[in-house]
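Visitor: Take this structure first; my questions come after.
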Amino acid sequence: MSRKSFICGNWKMNATHLDAIQMVQKLSYRLELSDYERVDVVVAPPFTSLRSVQTVIEADHLAIQLAAQNVHWEDSGAFTGEVAPAMLAKLGVDSVIVGHSERRELFGETDENVNRKVKAVLAAGMTPIMCLGETLNEREAEETESKVAGQLSAGLKGLSPEEAVQVIIAYEPIWAIGTGRTAEPDDAGAVCEFLRRRFGDEFGGSFAEDVRIIYGGSVNPGNIAALMAKTHIDGGLVGGASLDPDTFASIVRYWI
Ligand code: PGA
């Protein structure tokens with residue numbers, strides 16, 4: 001098994017481009033070269049900060065990777081307010097968050113939209129970070145597995161195993177996002193294991209061994225090590241705790 005850890009800071013709608021420059025510089029001061037060998041360290045600033053962060057990454061030769069928080073699936077055209085995959089790829093964006101629960105819940109993104117975005121991101125040579133997860137009601141009704149299984153197969157519909165294995169699956173229980181309520185590592189690990197099994201049913205066991213599945217929802221320096229200790233959790237998608245470079249750096253260096 002050679003799944004490299006993947007830890008992404010999702011800055012959401014925070015940080016001007018000037019803040020963003022400082023944040024990525026501070027983060028880089030707090031990380032050592034060996035950290036990047038162990039973990040793919042990723043930041044996802046808002047669109048308006050991508051160019052600024054990319055410039056810092058290039059000028060300072062940083063190994064920090066750049067992610068976007070959203071994308072449209074079309075290449076170009078009359079889609080006011082949207083950003084095309086090629087625009088992001090040209091900016092040096094490595095990966096794109098797709099189907100975050102905030103986009104699904106607040107902006108009406110459907111599984112079909114998510115599937116189109118996943119395909120468009122792959123076609124542009126970037127890595128989709130595809131989010132899925134259940135609400136509190138669904139968890140209490142014991143519908144977690146059916147919910148995430150449905151989102152997994154709808155989001156990856158029509159992909160070959162070689163394409164699907166490039167997608168990073170982010171399991172984010174909605175009740176744990178921004179609430180300070182983290183899923184118990186055992187529970188989160190069990191859902192990630194379930195997702196890997198389902199992925200294997202659709203795309204084959206060897207691809208399932210390689211696909212990276214990460215957890216998101218109130219990750220912090222105090223809980224990351226226990227989450228990462230789970231065999232089927234390969235990383236984290238970190239919201240609130242990624243805004244402070246010191247805190248995010250200690251999450252990235254979770255083994256210390
Ligand atoms: P949180 O957000 O860490 O603030 O809970 C996680 C996410 O939404 O990706």
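Here, A, B, ... name the chains of the structure tokens in the order displayed, residue numbers run from 1 inside each chain, and ligands are numbered from 1 in the same displayed order.
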Which residues of range 154-249 of chain A come within 6 Å of range 116-136 of chain A, and what is each one's closest atom pair and distance in Å (one decimal), counting only C-alpha atoms, sorted by chain and residue number, as JSON lines?

Guide:
{"residue": "A:Val167", "atom": "CA", "partner": "A:Pro128", "partner_atom": "CA", "distance": 5.2}
{"residue": "A:Ile168", "atom": "CA", "partner": "A:Ile129", "partner_atom": "CA", "distance": 4.6}
{"residue": "A:Ile169", "atom": "CA", "partner": "A:Met130", "partner_atom": "CA", "distance": 5.0}
{"residue": "A:Ala170", "atom": "CA", "partner": "A:Cys131", "partner_atom": "CA", "distance": 4.5}
{"residue": "A:Tyr171", "atom": "CA", "partner": "A:Leu132", "partner_atom": "CA", "distance": 5.3}
{"residue": "A:Glu172", "atom": "CA", "partner": "A:Gly133", "partner_atom": "CA", "distance": 4.8}
{"residue": "A:Pro173", "atom": "CA", "partner": "A:Gly133", "partner_atom": "CA", "distance": 4.4}
{"residue": "A:Ile174", "atom": "CA", "partner": "A:Thr135", "partner_atom": "CA", "distance": 5.0}
{"residue": "A:Trp175", "atom": "CA", "partner": "A:Leu136", "partner_atom": "CA", "distance": 5.4}

Visitor: Please produce a file of those selected residues containing C-alpha atoms, as an mmCIF file, in the first residue's frame.

Guide:
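Saved the output as result33.cif:
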data_model
loop_
_atom_site.group_PDB
_atom_site.id
_atom_site.type_symbol
_atom_site.label_atom_id
_atom_site.label_comp_id
_atom_site.auth_asym_id
_atom_site.auth_seq_id
_atom_site.Cartn_x
_atom_site.Cartn_y
_atom_site.Cartn_z
ATOM 1 C CA VAL A 167 -10.050 11.182 -7.492
ATOM 2 C CA ILE A 168 -9.550 11.987 -3.823
ATOM 3 C CA ILE A 169 -12.679 11.052 -1.912
ATOM 4 C CA ALA A 170 -13.389 13.350 1.043
ATOM 5 C CA TYR A 171 -15.779 11.890 3.586
ATOM 6 C CA GLU A 172 -17.266 14.845 5.414
ATOM 7 C CA PRO A 173 -20.203 14.148 7.715
ATOM 8 C CA ILE A 174 -22.227 17.347 7.450
ATOM 9 C CA TRP A 175 -22.973 17.450 11.182
#

Visitor: Using only C-alpha atoms and all ligand atoms, find each residue of chain A with at least one atom at most 8 Å away from an atom of ligand 1; report its shortest atom-to-atom pair and that distance in Å (one decimal), sort the rows by chain and rising residue number, and return the result as CSV.

Guide:
residue,atom,partner,partner_atom_place_in_ligand_line,distance
A:Gly9,CA,ligand 1,9 (O),7.7
A:Asn10,CA,ligand 1,9 (O),5.7
A:Lys12,CA,ligand 1,8 (O),7.8
A:His100,CA,ligand 1,8 (O),7.0
A:Ser101,CA,ligand 1,8 (O),7.4
A:Glu102,CA,ligand 1,8 (O),7.5
A:Glu172,CA,ligand 1,9 (O),7.1
A:Ala176,CA,ligand 1,5 (O),5.9
A:Ile177,CA,ligand 1,5 (O),3.4
A:Gly178,CA,ligand 1,5 (O),3.5
A:Thr179,CA,ligand 1,5 (O),6.2
A:Gly180,CA,ligand 1,5 (O),6.7
A:Thr182,CA,ligand 1,5 (O),7.9
A:Gly216,CA,ligand 1,6 (C),5.1
A:Gly217,CA,ligand 1,5 (O),3.7
A:Ser218,CA,ligand 1,5 (O),3.6
A:Val219,CA,ligand 1,3 (O),5.1
A:Asn220,CA,ligand 1,3 (O),7.4
A:Leu237,CA,ligand 1,9 (O),5.0
A:Val238,CA,ligand 1,3 (O),4.2
A:Gly239,CA,ligand 1,3 (O),3.4
A:Gly240,CA,ligand 1,4 (O),3.8
A:Ala241,CA,ligand 1,3 (O),6.0
A:Ser242,CA,ligand 1,3 (O),7.6

Visitor: Grab the residues selected above and save them as a compact mmCIF listing (two decimals), in the first residue's frame with all heavy atoms.

Guide:
# COMPACT_ATOMS: atom_id res chain seq x y z
N GLY A 9 -6.04 22.38 3.32
CA GLY A 9 -6.71 23.46 4.04
C GLY A 9 -7.72 24.13 3.13
O GLY A 9 -7.35 24.70 2.10
N ASN A 10 -8.98 24.03 3.51
CA ASN A 10 -10.05 24.66 2.73
C ASN A 10 -10.37 25.99 3.40
O ASN A 10 -11.02 26.03 4.43
CB ASN A 10 -11.26 23.72 2.73
CG ASN A 10 -12.49 24.35 2.10
OD1 ASN A 10 -12.40 25.41 1.45
ND2 ASN A 10 -13.64 23.72 2.27
N LYS A 12 -12.26 28.29 2.47
CA LYS A 12 -13.63 28.76 2.23
C LYS A 12 -13.62 30.24 1.84
O LYS A 12 -12.70 30.69 1.18
CB LYS A 12 -14.52 28.47 3.45
CG LYS A 12 -14.42 26.99 3.86
CD LYS A 12 -15.46 26.56 4.83
CE LYS A 12 -15.26 25.08 5.16
NZ LYS A 12 -16.29 24.53 6.02
N HIS A 100 -18.55 20.05 -2.35
CA HIS A 100 -18.54 20.31 -0.90
C HIS A 100 -19.99 20.44 -0.41
O HIS A 100 -20.84 20.96 -1.14
CB HIS A 100 -17.75 21.58 -0.59
CG HIS A 100 -17.50 21.76 0.87
ND1 HIS A 100 -18.46 22.26 1.71
CD2 HIS A 100 -16.42 21.47 1.64
CE1 HIS A 100 -17.96 22.27 2.95
NE2 HIS A 100 -16.73 21.81 2.93
N SER A 101 -20.27 20.01 0.80
CA SER A 101 -21.66 20.03 1.27
C SER A 101 -22.23 21.45 1.29
O SER A 101 -23.44 21.63 1.14
CB SER A 101 -21.78 19.38 2.64
OG SER A 101 -21.03 20.11 3.58
N GLU A 102 -21.35 22.44 1.50
CA GLU A 102 -21.86 23.83 1.47
C GLU A 102 -22.34 24.18 0.06
O GLU A 102 -23.32 24.92 -0.11
CB GLU A 102 -20.76 24.79 1.96
CG GLU A 102 -20.62 24.69 3.48
CD GLU A 102 -19.23 25.01 4.02
OE1 GLU A 102 -18.41 25.59 3.29
OE2 GLU A 102 -18.96 24.64 5.18
N GLU A 172 -17.01 13.74 4.49
CA GLU A 172 -17.27 14.84 5.41
C GLU A 172 -18.69 14.76 5.95
O GLU A 172 -19.63 15.25 5.30
CB GLU A 172 -17.09 16.18 4.69
CG GLU A 172 -15.70 16.42 4.17
CD GLU A 172 -15.39 17.92 4.10
OE1 GLU A 172 -16.11 18.65 3.41
OE2 GLU A 172 -14.45 18.35 4.78
N ALA A 176 -20.54 17.38 11.25
CA ALA A 176 -19.23 17.62 11.88
C ALA A 176 -18.53 18.83 11.29
O ALA A 176 -17.46 19.21 11.76
CB ALA A 176 -18.35 16.38 11.71
N ILE A 177 -19.11 19.44 10.25
CA ILE A 177 -18.42 20.54 9.58
C ILE A 177 -18.68 21.86 10.30
O ILE A 177 -19.83 22.27 10.45
CB ILE A 177 -18.87 20.65 8.10
CG1 ILE A 177 -18.43 19.40 7.34
CG2 ILE A 177 -18.27 21.89 7.45
CD1 ILE A 177 -18.87 19.37 5.90
N GLY A 178 -17.60 22.46 10.76
CA GLY A 178 -17.69 23.78 11.39
C GLY A 178 -18.43 23.78 12.71
O GLY A 178 -18.81 24.84 13.22
N THR A 179 -18.65 22.61 13.29
CA THR A 179 -19.44 22.53 14.51
C THR A 179 -18.58 22.23 15.73
O THR A 179 -19.08 22.28 16.85
CB THR A 179 -20.47 21.38 14.40
OG1 THR A 179 -19.74 20.16 14.14
CG2 THR A 179 -21.45 21.63 13.28
N GLY A 180 -17.32 21.88 15.49
CA GLY A 180 -16.47 21.46 16.60
C GLY A 180 -16.75 20.02 17.01
O GLY A 180 -16.11 19.46 17.89
N THR A 182 -16.34 16.44 16.01
CA THR A 182 -15.65 15.54 15.07
C THR A 182 -16.29 14.16 15.15
O THR A 182 -16.72 13.76 16.23
CB THR A 182 -14.16 15.36 15.48
OG1 THR A 182 -13.70 16.59 15.97
CG2 THR A 182 -13.32 14.90 14.32
N GLY A 216 -13.02 14.89 6.62
CA GLY A 216 -13.15 16.30 6.96
C GLY A 216 -14.30 16.53 7.91
O GLY A 216 -15.32 15.82 7.87
N GLY A 217 -14.16 17.55 8.76
CA GLY A 217 -15.20 17.88 9.75
C GLY A 217 -14.56 18.12 11.09
O GLY A 217 -14.25 17.17 11.81
N SER A 218 -14.30 19.41 11.40
CA SER A 218 -13.72 19.80 12.68
C SER A 218 -12.40 19.10 12.99
O SER A 218 -12.12 18.76 14.15
CB SER A 218 -14.73 19.61 13.82
OG SER A 218 -15.86 20.44 13.61
N VAL A 219 -11.58 18.90 11.96
CA VAL A 219 -10.23 18.38 12.20
C VAL A 219 -9.42 19.47 12.90
O VAL A 219 -9.52 20.65 12.56
CB VAL A 219 -9.54 18.00 10.86
CG1 VAL A 219 -8.08 17.65 11.08
CG2 VAL A 219 -10.28 16.84 10.19
N ASN A 220 -8.63 19.06 13.90
CA ASN A 220 -7.79 20.01 14.61
C ASN A 220 -6.52 19.31 15.07
O ASN A 220 -6.39 18.09 14.90
CB ASN A 220 -8.57 20.66 15.77
CG ASN A 220 -8.99 19.64 16.81
OD1 ASN A 220 -8.20 18.81 17.25
ND2 ASN A 220 -10.26 19.68 17.19
N LEU A 237 -9.41 17.03 5.20
CA LEU A 237 -9.84 18.29 4.59
C LEU A 237 -10.20 19.19 5.77
O LEU A 237 -11.10 18.87 6.55
CB LEU A 237 -11.03 18.06 3.65
CG LEU A 237 -11.52 19.25 2.82
CD1 LEU A 237 -10.39 19.85 1.99
CD2 LEU A 237 -12.64 18.81 1.87
N VAL A 238 -9.46 20.27 5.91
CA VAL A 238 -9.50 21.06 7.14
C VAL A 238 -10.03 22.45 6.84
O VAL A 238 -9.45 23.17 6.02
CB VAL A 238 -8.07 21.18 7.72
CG1 VAL A 238 -8.12 21.86 9.09
CG2 VAL A 238 -7.37 19.83 7.79
N GLY A 239 -11.12 22.83 7.48
CA GLY A 239 -11.69 24.16 7.27
C GLY A 239 -11.13 25.16 8.26
O GLY A 239 -10.01 25.66 8.11
N GLY A 240 -11.91 25.45 9.30
CA GLY A 240 -11.57 26.49 10.27
C GLY A 240 -10.13 26.44 10.75
O GLY A 240 -9.46 27.48 10.83
N ALA A 241 -9.64 25.26 11.07
CA ALA A 241 -8.30 25.14 11.65
C ALA A 241 -7.19 25.35 10.62
O ALA A 241 -6.01 25.35 10.98
CB ALA A 241 -8.15 23.78 12.33
N SER A 242 -7.55 25.54 9.35
CA SER A 242 -6.49 25.77 8.35
C SER A 242 -6.20 27.26 8.18
O SER A 242 -5.26 27.64 7.49
CB SER A 242 -6.88 25.16 6.99
OG SER A 242 -7.93 25.91 6.39

Visitor: From the options A:Phe6, A:Trp73, A:Phe199, A:Phe79, which residue's atoms come nearest to Arg38 in chain A, counting only C-alpha atoms?

Guide: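 For Arg38 in chain A, the nearest of the candidates is A:Phe6.
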
Visitor: Pick out the closest residue to Leu50 in chain A from this set: A:Ile64, A:Cys8, A:Val71, A:Val93. Count only C-alpha atoms.

Guide: A:Val93

Visitor: So which residues touch Gly200 in chain A within 10 Å, counting only C-alpha atoms, skipping near sequence neighbours fewer than 6 positions away, as a list of chain:residue names?

Guide: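 With the cut-off at 10 Å, the set is A:Pro161, A:Phe194, A:Ser206, A:Phe207, A:Ala208, A:Glu209, A:Val211.
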
Visitor: Filtering to C-alpha atoms, could you give me those residues as a tab-separated table (two decimals), in the first residue's frame?

Guide:
chain	number	residue	atom	x	y	z
A	161	PRO	CA	-10.94	2.67	-12.99
A	194	PHE	CA	-16.98	1.12	3.64
A	206	SER	CA	-6.43	-3.05	-6.67
A	207	PHE	CA	-7.74	0.41	-7.57
A	208	ALA	CA	-9.54	0.54	-4.23
A	209	GLU	CA	-6.24	-0.10	-2.46
A	211	VAL	CA	-7.55	5.49	-4.08

Visitor: Hey, which of A:Asn70, A:Gln54, A:Thr110, A:Ser76 ends up closest to Gly92 in chain A? Count only C-alpha atoms.

Guide: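 Ranking A:Asn70, A:Gln54, A:Thr110, A:Ser76 by distance to Gly92 in chain A, first place goes to A:Gln54.
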
Visitor: Give the answer as one residue: which of A:Ala20, A:Phe47, A:Ala229, A:Asp210 has the shortest atom-to-atom distance to Gly81 in chain A, using only C-alpha atoms?

Guide: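 Using only C-alpha atoms, Gly81 in chain A sits closest to A:Phe47.
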